[in-house]
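Next comes protein-v3.cif, with mmCIF, C-alpha atoms.
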```cif
data_model
#
loop_
_atom_site.label_atom_id
_atom_site.label_comp_id
_atom_site.auth_asym_id
_atom_site.auth_seq_id
_atom_site.Cartn_x
_atom_site.Cartn_y
_atom_site.Cartn_z
CA MET A 437 0.00 0.00 0.00
CA SER A 438 0.94 3.67 -0.24
CA TRP A 439 2.36 5.76 2.59
CA THR A 440 -0.58 8.11 2.08
CA PRO A 441 -3.81 7.33 3.97
CA GLU A 442 -6.91 7.39 1.80
CA SER A 443 -8.42 9.58 4.53
CA ILE A 444 -6.36 12.55 3.27
CA TRP A 445 -6.39 11.51 -0.40
CA THR A 446 -8.78 14.30 -1.37
CA PRO A 447 -8.42 16.99 -4.08
CA GLU A 448 -8.41 19.83 -1.56
CA LEU A 449 -5.36 18.34 0.18
CA ILE A 450 -3.58 16.42 -2.60
CA GLN A 451 -4.21 17.53 -6.18
CA MET A 452 -3.23 14.15 -7.65
CA ALA A 453 -6.42 12.79 -6.08
CA VAL A 454 -8.32 14.50 -8.91
CA TYR A 455 -6.77 12.05 -11.38
CA GLN A 456 -6.35 8.92 -9.25
CA ASP A 457 -9.17 7.69 -7.04
CA ASN A 458 -7.02 5.86 -4.51
CA PRO A 459 -3.41 6.23 -3.29
CA HIS A 460 -2.85 2.47 -3.00
CA LEU A 461 -2.52 1.73 -6.72
CA TYR A 462 0.51 -0.56 -6.96
CA TYR A 463 0.95 -3.21 -9.65
CA ASP A 464 3.08 -6.32 -9.17
CA VAL A 465 6.70 -5.19 -9.22
CA PHE A 466 8.03 -8.24 -11.05
CA CYS A 467 5.55 -7.93 -13.91
CA MET A 468 6.39 -4.25 -14.24
CA LEU A 469 10.15 -4.91 -14.15
CA ALA A 470 9.80 -7.54 -16.87
CA LEU A 471 7.84 -5.05 -18.98
CA ALA A 472 10.43 -2.31 -18.39
CA ALA A 473 13.30 -4.68 -19.16
CA TRP A 474 11.70 -5.77 -22.43
CA ASN A 475 11.21 -2.17 -23.58
CA THR A 476 14.58 -0.66 -22.60
CA GLU A 477 18.20 -1.35 -23.43
CA ASP A 478 20.55 0.57 -21.15
CA VAL A 479 18.91 1.72 -17.92
CA MET A 480 19.52 -0.14 -14.66
CA LEU A 481 16.37 -1.68 -13.19
CA GLY A 482 15.51 -3.02 -9.77
CA THR A 483 13.43 -2.92 -6.63
CA SER A 484 13.81 -0.18 -4.06
CA VAL A 485 13.10 -2.18 -2.07
CA THR A 486 11.47 -5.59 -1.51
CA GLU A 487 11.63 -7.93 1.53
CA THR A 488 11.27 -11.60 2.43
CA PHE A 489 8.11 -11.65 4.51
CA ARG A 490 5.82 -11.90 1.50
CA ARG A 491 8.15 -13.96 -0.69
CA HIS A 492 10.38 -16.93 0.13
CA PRO A 493 14.06 -16.15 -0.57
CA ALA A 494 14.19 -19.02 -3.08
CA ILE A 495 11.36 -17.36 -5.00
CA LEU A 496 13.22 -14.05 -4.98
CA ALA A 497 16.39 -15.78 -6.15
CA GLN A 498 14.50 -17.33 -9.07
CA LYS A 499 12.61 -14.16 -10.00
CA PHE A 500 15.71 -11.99 -10.11
CA LEU A 501 17.67 -14.45 -12.22
CA THR A 502 14.71 -14.58 -14.61
CA LEU A 503 14.61 -10.78 -14.74
CA ASP A 504 18.37 -10.70 -15.15
CA GLN A 505 17.99 -12.79 -18.30
CA ILE A 506 15.16 -10.63 -19.67
CA SER A 507 17.08 -7.41 -18.98
CA LYS A 508 20.38 -8.82 -20.26
CA GLY A 509 22.19 -8.22 -17.00
CA ARG A 510 20.66 -4.91 -15.89
CA MET A 511 18.73 -6.05 -12.81
CA VAL A 512 19.42 -5.01 -9.19
CA LEU A 513 17.95 -6.82 -6.19
CA GLY A 514 17.12 -4.02 -3.77
CA ILE A 515 16.06 -5.48 -0.43
CA GLY A 516 15.34 -4.38 3.12
CA ALA A 517 13.97 -5.62 6.43
CA GLY A 518 10.35 -4.77 5.60
CA GLU A 519 7.66 -2.24 6.46
CA GLY A 520 4.63 -2.77 8.66
CA GLU A 521 2.17 -1.38 6.11
CA ASN A 522 2.82 -4.14 3.56
CA ILE A 523 2.99 -6.98 6.07
CA VAL A 524 0.77 -6.59 9.14
CA PRO A 525 -2.55 -5.78 7.39
CA TYR A 526 -2.23 -8.97 5.35
CA GLY A 527 -2.03 -11.32 8.31
CA ILE A 528 1.73 -11.84 8.18
CA LYS A 529 3.66 -11.78 11.44
CA PHE A 530 6.23 -9.00 11.43
CA GLU A 531 8.88 -10.50 13.72
CA LYS A 532 12.69 -10.46 13.78
CA PRO A 533 13.00 -8.58 10.47
CA VAL A 534 16.80 -8.19 10.54
CA SER A 535 17.49 -11.83 11.43
CA ARG A 536 15.03 -12.91 8.76
CA LEU A 537 16.77 -10.73 6.18
CA GLU A 538 20.19 -12.14 7.03
CA GLU A 539 18.96 -15.70 6.62
CA SER A 540 17.33 -14.72 3.32
CA LEU A 541 20.57 -13.26 1.99
CA GLU A 542 22.44 -16.43 2.91
CA ILE A 543 19.89 -18.56 1.05
CA ILE A 544 19.84 -16.37 -2.05
CA ARG A 545 23.63 -16.43 -2.29
CA LEU A 546 23.72 -20.21 -1.75
CA LEU A 547 21.15 -20.90 -4.46
CA TRP A 548 22.82 -18.55 -6.93
CA GLU A 549 26.42 -19.61 -6.43
CA SER A 550 26.20 -23.32 -5.60
CA LYS A 551 26.77 -25.83 -8.38
CA GLU A 552 25.38 -28.63 -6.23
CA LYS A 553 22.14 -29.35 -4.43
CA VAL A 554 21.60 -27.01 -1.49
CA SER A 555 20.51 -27.97 2.01
CA TYR A 556 20.02 -25.36 4.72
CA GLU A 557 18.63 -25.42 8.24
CA GLY A 558 17.71 -22.01 9.61
CA GLU A 559 15.39 -20.33 12.06
CA PHE A 560 12.94 -19.28 9.36
CA TRP A 561 13.52 -21.58 6.39
CA THR A 562 14.73 -25.08 5.63
CA LEU A 563 16.09 -26.30 2.29
CA LYS A 564 16.69 -29.97 1.48
CA ASP A 565 18.42 -30.88 -1.79
CA ALA A 566 17.22 -27.65 -3.39
CA VAL A 567 18.44 -26.54 -6.81
CA LEU A 568 18.25 -23.36 -8.86
CA THR A 569 19.91 -23.80 -12.23
CA ILE A 570 19.03 -20.54 -14.01
CA PRO A 571 22.36 -18.92 -14.94
CA PRO A 572 22.92 -15.16 -14.75
CA TYR A 573 22.90 -13.39 -18.11
CA LYS A 574 26.61 -12.61 -17.79
CA LYS A 575 28.71 -15.59 -16.74
CA GLU A 576 29.24 -15.71 -12.96
CA LYS A 577 27.84 -12.17 -12.62
CA TYR A 578 24.71 -12.38 -10.49
CA PRO A 579 22.32 -9.47 -9.92
CA PRO A 580 23.90 -7.12 -7.38
CA ILE A 581 22.18 -7.04 -4.00
CA TRP A 582 21.63 -3.53 -2.66
CA ILE A 583 20.49 -3.28 0.95
CA ALA A 584 18.34 -0.51 2.42
CA ALA A 585 20.12 -0.02 5.74
CA HIS A 586 20.08 2.67 8.41
CA GLY A 587 20.54 1.09 11.85
CA PRO A 588 23.73 -0.61 13.12
CA LYS A 589 22.58 -4.21 12.53
CA MET A 590 21.45 -3.46 8.98
CA LEU A 591 24.70 -1.63 8.23
CA GLU A 592 26.59 -4.72 9.42
CA LEU A 593 24.56 -6.88 7.03
CA THR A 594 25.34 -4.51 4.18
CA GLY A 595 29.04 -4.81 4.85
CA LYS A 596 28.78 -8.59 5.02
CA TYR A 597 26.44 -9.35 2.11
CA GLY A 598 25.74 -6.22 0.08
CA ASP A 599 26.97 -5.24 -3.35
CA GLY A 600 25.37 -1.85 -2.83
CA TRP A 601 23.81 0.33 -0.15
CA LEU A 602 20.48 2.10 -0.74
CA PRO A 603 19.40 4.14 2.29
CA ALA A 604 16.64 6.73 2.29
CA TYR A 605 17.37 10.43 2.61
CA SER A 606 19.79 11.52 5.34
CA ASP A 607 22.15 14.45 5.64
CA PRO A 608 25.71 14.07 4.27
CA LYS A 609 27.26 13.87 7.76
CA ALA A 610 25.03 10.96 8.82
CA TYR A 611 25.50 9.37 5.39
CA LYS A 612 29.29 9.33 5.81
CA MET A 613 29.07 7.90 9.34
CA ARG A 614 26.88 5.03 8.12
CA LEU A 615 29.04 4.39 5.07
CA ASP A 616 32.13 4.20 7.29
CA HIS A 617 30.27 1.64 9.43
CA ILE A 618 29.57 -0.45 6.33
CA TYR A 619 33.21 -0.30 5.25
CA ARG A 620 34.38 -1.43 8.69
CA ALA A 621 31.92 -4.33 8.57
CA ALA A 622 33.13 -5.31 5.09
CA LYS A 623 36.74 -5.46 6.26
CA LYS A 624 35.69 -7.52 9.28
CA HIS A 625 34.26 -10.10 6.88
CA ASP A 626 37.34 -10.03 4.63
CA ARG A 627 35.59 -8.10 1.88
CA ASP A 628 36.93 -5.24 -0.21
CA PRO A 629 34.85 -2.14 0.72
CA SER A 630 35.36 -0.72 -2.77
CA GLU A 631 33.16 -3.53 -4.12
CA ILE A 632 30.13 -2.01 -2.34
CA THR A 633 28.39 0.78 -4.29
CA PRO A 634 27.16 3.61 -2.02
CA GLY A 635 23.71 4.69 -3.20
CA LEU A 636 20.84 6.86 -2.00
CA PHE A 637 17.08 6.73 -2.53
CA THR A 638 15.37 10.07 -2.03
CA TYR A 639 12.19 11.90 -2.88
CA ILE A 640 12.69 15.20 -4.64
CA VAL A 641 10.76 18.47 -4.94
CA ILE A 642 12.20 20.58 -7.75
CA ASP A 643 11.25 23.87 -9.42
CA GLU A 644 12.96 26.84 -11.04
CA GLU A 645 11.76 28.95 -8.09
CA HIS A 646 13.02 27.99 -4.64
CA ASN A 647 10.04 29.54 -2.85
CA VAL A 648 7.71 27.18 -4.76
CA CYS A 649 9.66 24.20 -3.42
CA ASP A 650 9.57 25.69 0.06
CA GLU A 651 5.78 25.79 -0.09
CA LEU A 652 5.40 22.30 -1.56
CA ILE A 653 7.49 20.57 1.11
CA ALA A 654 5.01 21.87 3.70
CA THR A 655 1.95 20.30 2.04
CA PRO A 656 0.02 17.41 3.65
CA TYR A 657 1.30 14.88 1.10
CA VAL A 658 4.95 15.56 1.90
CA LYS A 659 4.59 16.09 5.65
CA ASN A 660 2.64 12.84 5.95
CA MET A 661 5.64 10.98 4.54
CA LEU A 662 7.73 12.21 7.45
CA LEU A 663 5.52 10.19 9.79
CA THR A 664 7.46 7.15 8.56
CA PHE A 665 10.55 8.46 10.37
CA PRO A 666 11.45 6.84 13.71
CA ASN A 667 11.12 8.78 16.94
CA SER A 668 14.92 9.23 17.01
CA VAL A 669 14.72 11.66 14.07
CA PHE A 670 12.18 13.86 15.85
CA ALA A 671 14.22 13.65 19.06
CA GLU A 672 17.00 15.50 17.22
CA TYR A 673 14.58 18.44 17.07
CA ASP A 674 13.64 18.17 20.76
CA MET A 675 10.22 16.73 20.09
CA LYS A 676 8.39 13.41 20.21
CA HIS A 677 7.11 11.57 17.15
CA PRO A 678 3.75 13.19 16.29
CA LEU A 679 2.04 9.79 16.63
CA GLY A 680 3.63 8.94 19.98
CA GLU A 681 6.99 8.71 21.71
CA ASP A 682 7.32 4.97 21.10
CA PHE A 683 6.14 5.14 17.48
CA TYR A 684 8.74 3.62 15.17
CA GLY A 685 7.91 4.97 11.75
CA LEU A 686 8.31 2.27 9.10
CA ILE A 687 7.41 -0.54 11.48
CA ASP A 688 4.35 1.04 13.08
CA TYR A 689 2.95 3.32 10.38
CA ILE A 690 0.04 1.60 8.68
CA PRO A 691 -1.83 4.35 6.77
CA THR A 692 -5.18 2.55 6.58
CA LYS A 693 -5.46 2.69 10.39
CA PHE A 694 -5.61 6.48 10.62
CA ASP A 695 -8.53 8.84 10.02
CA LYS A 696 -8.18 12.31 8.55
CA GLU A 697 -8.32 14.13 11.88
CA THR A 698 -5.50 12.04 13.39
CA ILE A 699 -3.21 12.53 10.39
CA MET A 700 -3.89 16.25 10.05
CA GLU A 701 -3.24 16.78 13.76
CA ALA A 702 0.00 14.77 13.54
CA ILE A 703 1.41 16.61 10.54
CA SER A 704 0.49 19.97 12.09
CA LYS A 705 3.08 19.19 14.78
CA ILE A 706 5.92 18.78 12.26
CA PRO A 707 7.98 21.99 12.12
CA HIS A 708 9.05 23.33 8.76
CA LYS A 709 12.71 22.85 9.67
CA ILE A 710 12.32 19.06 9.62
CA CYS A 711 10.76 19.26 6.15
CA ASN A 712 13.56 21.56 5.02
CA ASP A 713 16.29 19.31 6.43
CA THR A 714 14.98 15.93 5.27
CA ILE A 715 13.33 16.47 1.87
CA LEU A 716 15.70 17.05 -1.06
CA HIS A 717 14.30 20.21 -2.66
CA GLY A 718 15.27 23.32 -4.59
CA THR A 719 16.10 24.59 -8.04
CA PRO A 720 18.02 22.31 -10.43
CA ASP A 721 21.28 24.07 -9.54
CA GLU A 722 20.54 23.74 -5.82
CA ILE A 723 19.75 20.04 -6.20
CA ILE A 724 23.01 19.53 -8.10
CA GLY A 725 24.91 21.24 -5.30
CA LYS A 726 23.26 19.10 -2.63
CA ILE A 727 23.98 15.87 -4.50
CA GLU A 728 27.61 16.91 -4.90
CA GLU A 729 27.82 17.23 -1.10
CA TYR A 730 26.94 13.53 -0.89
CA ALA A 731 29.39 12.66 -3.64
CA LYS A 732 32.17 14.24 -1.57
CA VAL A 733 31.50 11.76 1.25
CA GLY A 734 31.20 8.70 -0.98
CA LEU A 735 27.88 8.64 -2.87
CA GLU A 736 28.16 6.97 -6.29
CA HIS A 737 24.55 6.27 -7.33
CA ILE A 738 21.32 8.13 -6.60
CA VAL A 739 17.66 7.21 -7.16
CA LEU A 740 15.42 10.29 -7.39
CA THR A 741 11.64 9.98 -7.07
CA ASN A 742 9.79 13.11 -8.19
CA ILE A 743 6.93 14.10 -5.85
CA THR A 744 6.78 17.78 -6.86
CA PHE A 745 3.51 17.44 -8.74
CA MET A 746 1.58 15.45 -6.13
CA SER A 747 0.36 18.64 -4.48
CA ASP A 748 0.53 20.87 -7.58
CA ILE A 749 -0.43 18.96 -10.70
CA SER A 750 0.63 21.89 -12.92
CA LYS A 751 4.25 21.07 -12.05
CA ILE A 752 4.42 17.69 -13.82
CA LYS A 753 6.18 18.84 -16.98
CA SER A 754 8.38 21.51 -15.40
CA SER A 755 9.55 19.26 -12.55
CA PHE A 756 10.65 16.49 -14.90
CA SER A 757 12.39 19.10 -17.05
CA GLY A 758 14.26 20.17 -13.93
CA MET A 759 15.22 16.58 -13.18
CA LYS A 760 16.49 16.24 -16.75
CA LYS A 761 18.85 19.17 -16.13
CA VAL A 762 20.18 17.45 -13.04
CA LEU A 763 20.65 14.17 -14.93
CA GLU A 764 22.41 15.84 -17.85
CA TYR A 765 24.80 17.61 -15.48
CA PHE A 766 25.95 14.39 -13.85
CA LYS A 767 26.04 12.44 -17.12
CA SER A 768 28.40 15.03 -18.57
#
```

As structure tokens, please, write out the structure in this file.
Amino acid sequence: MSWTPESIWTPELIQMAVYQDNPHLYYDVFCMLALAAWNTEDVMLGTSVTETFRRHPAILAQKFLTLDQISKGRMVLGIGAGEGENIVPYGIKFEKPVSRLEESLEIIRLLWESKEKVSYEGEFWTLKDAVLTIPPYKKEKYPPIWIAAHGPKMLELTGKYGDGWLPAYSDPKAYKMRLDHIYRAAKKHDRDPSEITPGLFTYIVIDEEHNVCDELIATPYVKNMLLTFPNSVFAEYDMKHPLGEDFYGLIDYIPTKFDKETIMEAISKIPHKICNDTILHGTPDEIIGKIEEYAKVGLEHIVLTNITFMSDISKIKSSFSGMKKVLEYFKS
């Protein structure tokens, strides 16, 4: 489901609601990736990100090798520990997400790289004489695994298993601290840190006028997304999470549980400074400058998701034109 509750998905609050009846319109990612792979030639493709509560790791291993063949070696397996909104409402127990992810990564690697039958006895899964014989498109070059990691345990997993790191938005100082943690973990497991690609997934609000961006990052659509942050982020601003001191963002935030009044009251408590500090926004030149700050501390790959037009539908064309300027700058 979407991070946006249907209770605030109304035209007076979110203009996109005029054109889309419901915020929870998500097609199957593997069908869409296959379609994208078939109709493109050069662009990297992947999930950002999936998890192993809804899909057995053996199924993920098979799907990504299949997609790797279709895309001719352009597929990335982006994976994380999971989010409450896509697990709990569907009757799936959301327990021990980090341990579950580690076991999943072990199984995926075993099935990909083993030339023999695979047996495995774990806490969550058991394999007995299992095989997966689909080869990668490029000999011995399996889809890279990029891990969405923020906390210490997840950063350790990234250093141990990851080919790439794909966190959500954080400031350059915090980004460098986490990347250093990953590199230390890689060395501890006798891996070359340079083999791990530092990435970043971030939403972007972009316009030729900075004041327009400043207004858009304060709209209900954007401020609601900040409710997915853990309480620790709000504590940095000397406040509690708007939905409660013990509220843990991604794990606890299930949009369908909240009515309009609760959400509007919660987002009214979010000061503009948090929006300003955590949402990548500005003119194309400002965005370029901010990305370069990350590049200085190690960033090599960025995934930008344009949300400019969600609250001002007239900005669709201009915002993507702005993103094109950013792309052309870095491609040159």

The PyMOL selection byres ((chain A and resi 643-647) around 7) - which residues does that actually catch in the file I just gave you? List them as a PDB file with C-alpha atoms, in the frame of the given file.
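Written out: expr_11.pdb:
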```
ATOM      1  CA  ILE A 642      12.200  20.580  -7.750  1.00  0.00           C
ATOM      2  CA  VAL A 648       7.710  27.180  -4.760  1.00  0.00           C
ATOM      3  CA  CYS A 649       9.660  24.200  -3.420  1.00  0.00           C
ATOM      4  CA  ASP A 650       9.570  25.690   0.060  1.00  0.00           C
ATOM      5  CA  GLU A 651       5.780  25.790  -0.090  1.00  0.00           C
ATOM      6  CA  GLY A 718      15.270  23.320  -4.590  1.00  0.00           C
ATOM      7  CA  THR A 719      16.100  24.590  -8.040  1.00  0.00           C
ATOM      8  CA  PRO A 720      18.020  22.310 -10.430  1.00  0.00           C
ATOM      9  CA  SER A 755       9.550  19.260 -12.550  1.00  0.00           C
ATOM     10  CA  GLY A 758      14.260  20.170 -13.930  1.00  0.00           C
TER      11      GLY A 758
END
```

Surrounding residues of range 676-679 of chain A excluding itself and chain neighbours under 3 positions, 9 Å, all atoms listed in the file, as a list in words: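 Within the cut-off, the hits are Leu663, Phe665, Pro666, Asn667, Ser668, Val669, Phe670, Ala671, Tyr673, Asp682, Phe683, Tyr684, Gly685, Thr698, Ile699, Glu701, Ala702, Ile703, Ser704, Lys705 and Ile706 of chain A.
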
Export C-alpha atoms of the chosen residues as a PDB file, in the frame of the given file?
```
ATOM      1  CA  LEU A 663       5.520  10.190   9.790  1.00  0.00           C
ATOM      2  CA  PHE A 665      10.550   8.460  10.370  1.00  0.00           C
ATOM      3  CA  PRO A 666      11.450   6.840  13.710  1.00  0.00           C
ATOM      4  CA  ASN A 667      11.120   8.780  16.940  1.00  0.00           C
ATOM      5  CA  SER A 668      14.920   9.230  17.010  1.00  0.00           C
ATOM      6  CA  VAL A 669      14.720  11.660  14.070  1.00  0.00           C
ATOM      7  CA  PHE A 670      12.180  13.860  15.850  1.00  0.00           C
ATOM      8  CA  ALA A 671      14.220  13.650  19.060  1.00  0.00           C
ATOM      9  CA  TYR A 673      14.580  18.440  17.070  1.00  0.00           C
ATOM     10  CA  ASP A 682       7.320   4.970  21.100  1.00  0.00           C
ATOM     11  CA  PHE A 683       6.140   5.140  17.480  1.00  0.00           C
ATOM     12  CA  TYR A 684       8.740   3.620  15.170  1.00  0.00           C
ATOM     13  CA  GLY A 685       7.910   4.970  11.750  1.00  0.00           C
ATOM     14  CA  THR A 698      -5.500  12.040  13.390  1.00  0.00           C
ATOM     15  CA  ILE A 699      -3.210  12.530  10.390  1.00  0.00           C
ATOM     16  CA  GLU A 701      -3.240  16.780  13.760  1.00  0.00           C
ATOM     17  CA  ALA A 702       0.000  14.770  13.540  1.00  0.00           C
ATOM     18  CA  ILE A 703       1.410  16.610  10.540  1.00  0.00           C
ATOM     19  CA  SER A 704       0.490  19.970  12.090  1.00  0.00           C
ATOM     20  CA  LYS A 705       3.080  19.190  14.780  1.00  0.00           C
ATOM     21  CA  ILE A 706       5.920  18.780  12.260  1.00  0.00           C
TER      22      ILE A 706
END
```

Going by the chain IDs and residue numbers used in this file, which residues fall under the PyMOL selection byres ((chain A and resi 636) around 7)? Write them as a VMD selection string. chain A and resid 602 to 605 635 637 to 638 737 to 739

All residues 10 Å or closer to Asp713 in chain A, all atoms listed in the file, same chain fewer than 4 positions away omitted, as a list in words: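 Here the qualifying residues turn out to be Tyr605, Ser606, Asp607, His708, Lys709 and His717 of chain A.
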
Residues just named, written with C-alpha atoms as a PDB file, in the coordinates of the input:
```
ATOM      1  CA  TYR A 605      17.370  10.430   2.610  1.00  0.00           C
ATOM      2  CA  SER A 606      19.790  11.520   5.340  1.00  0.00           C
ATOM      3  CA  ASP A 607      22.150  14.450   5.640  1.00  0.00           C
ATOM      4  CA  HIS A 708       9.050  23.330   8.760  1.00  0.00           C
ATOM      5  CA  LYS A 709      12.710  22.850   9.670  1.00  0.00           C
ATOM      6  CA  HIS A 717      14.300  20.210  -2.660  1.00  0.00           C
TER       7      HIS A 717
END
```

Which residues, named as in the file, does the PyMOL selection byres ((chain A and resi 468-484) around 10) pick out? Answer as a PyMOL selection string. chain A and resi 463-467+485-487+499-500+502-516+579-584+602-604+637+739

Please compute the CA of Val641 in chain A-CA of Pro588 in chain A distance, one decimal, in Å.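 Here the two named atoms are 29.3 Å from each other.
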
Could you tell me how far CA of Glu729 in chain A sits from CA of Leu763 in chain A, in Å to one decimal place?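 Between CA of Leu763 in chain A and CA of Glu729 in chain A the gap is 15.9 Å.
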
For Tyr639 in chain A, work out the shell of residues within 8 Å, counting all atoms listed in the file and skipping chain neighbours fewer than 3 positions away, then give it as a compact mmCIF listing (two decimals) with C-alpha atoms, keeping the file's coordinate frame.
```
# COMPACT_ATOMS: atom_id res chain seq x y z
CA TYR A 605 17.37 10.43 2.61
CA ILE A 715 13.33 16.47 1.87
CA LEU A 716 15.70 17.05 -1.06
CA LEU A 740 15.42 10.29 -7.39
CA THR A 741 11.64 9.98 -7.07
CA ASN A 742 9.79 13.11 -8.19
CA ILE A 743 6.93 14.10 -5.85
```

Just want the 10 Å neighbourhood of Ile749 in chain A, counted on only C-alpha atoms, with same-chain residues fewer than 4 positions away dropped. Output as a PyMOL selection string. chain A and resi 450-455+744-745+753

Next, write the just-selected residues to a file, as a PDB file, in the coordinates of the input, keeping C-alpha atoms as the atom set.
```pdb
ATOM      1  CA  ILE A 450      -3.580  16.420  -2.600  1.00  0.00           C
ATOM      2  CA  GLN A 451      -4.210  17.530  -6.180  1.00  0.00           C
ATOM      3  CA  MET A 452      -3.230  14.150  -7.650  1.00  0.00           C
ATOM      4  CA  ALA A 453      -6.420  12.790  -6.080  1.00  0.00           C
ATOM      5  CA  VAL A 454      -8.320  14.500  -8.910  1.00  0.00           C
ATOM      6  CA  TYR A 455      -6.770  12.050 -11.380  1.00  0.00           C
ATOM      7  CA  THR A 744       6.780  17.780  -6.860  1.00  0.00           C
ATOM      8  CA  PHE A 745       3.510  17.440  -8.740  1.00  0.00           C
ATOM      9  CA  LYS A 753       6.180  18.840 -16.980  1.00  0.00           C
TER      10      LYS A 753
END
```
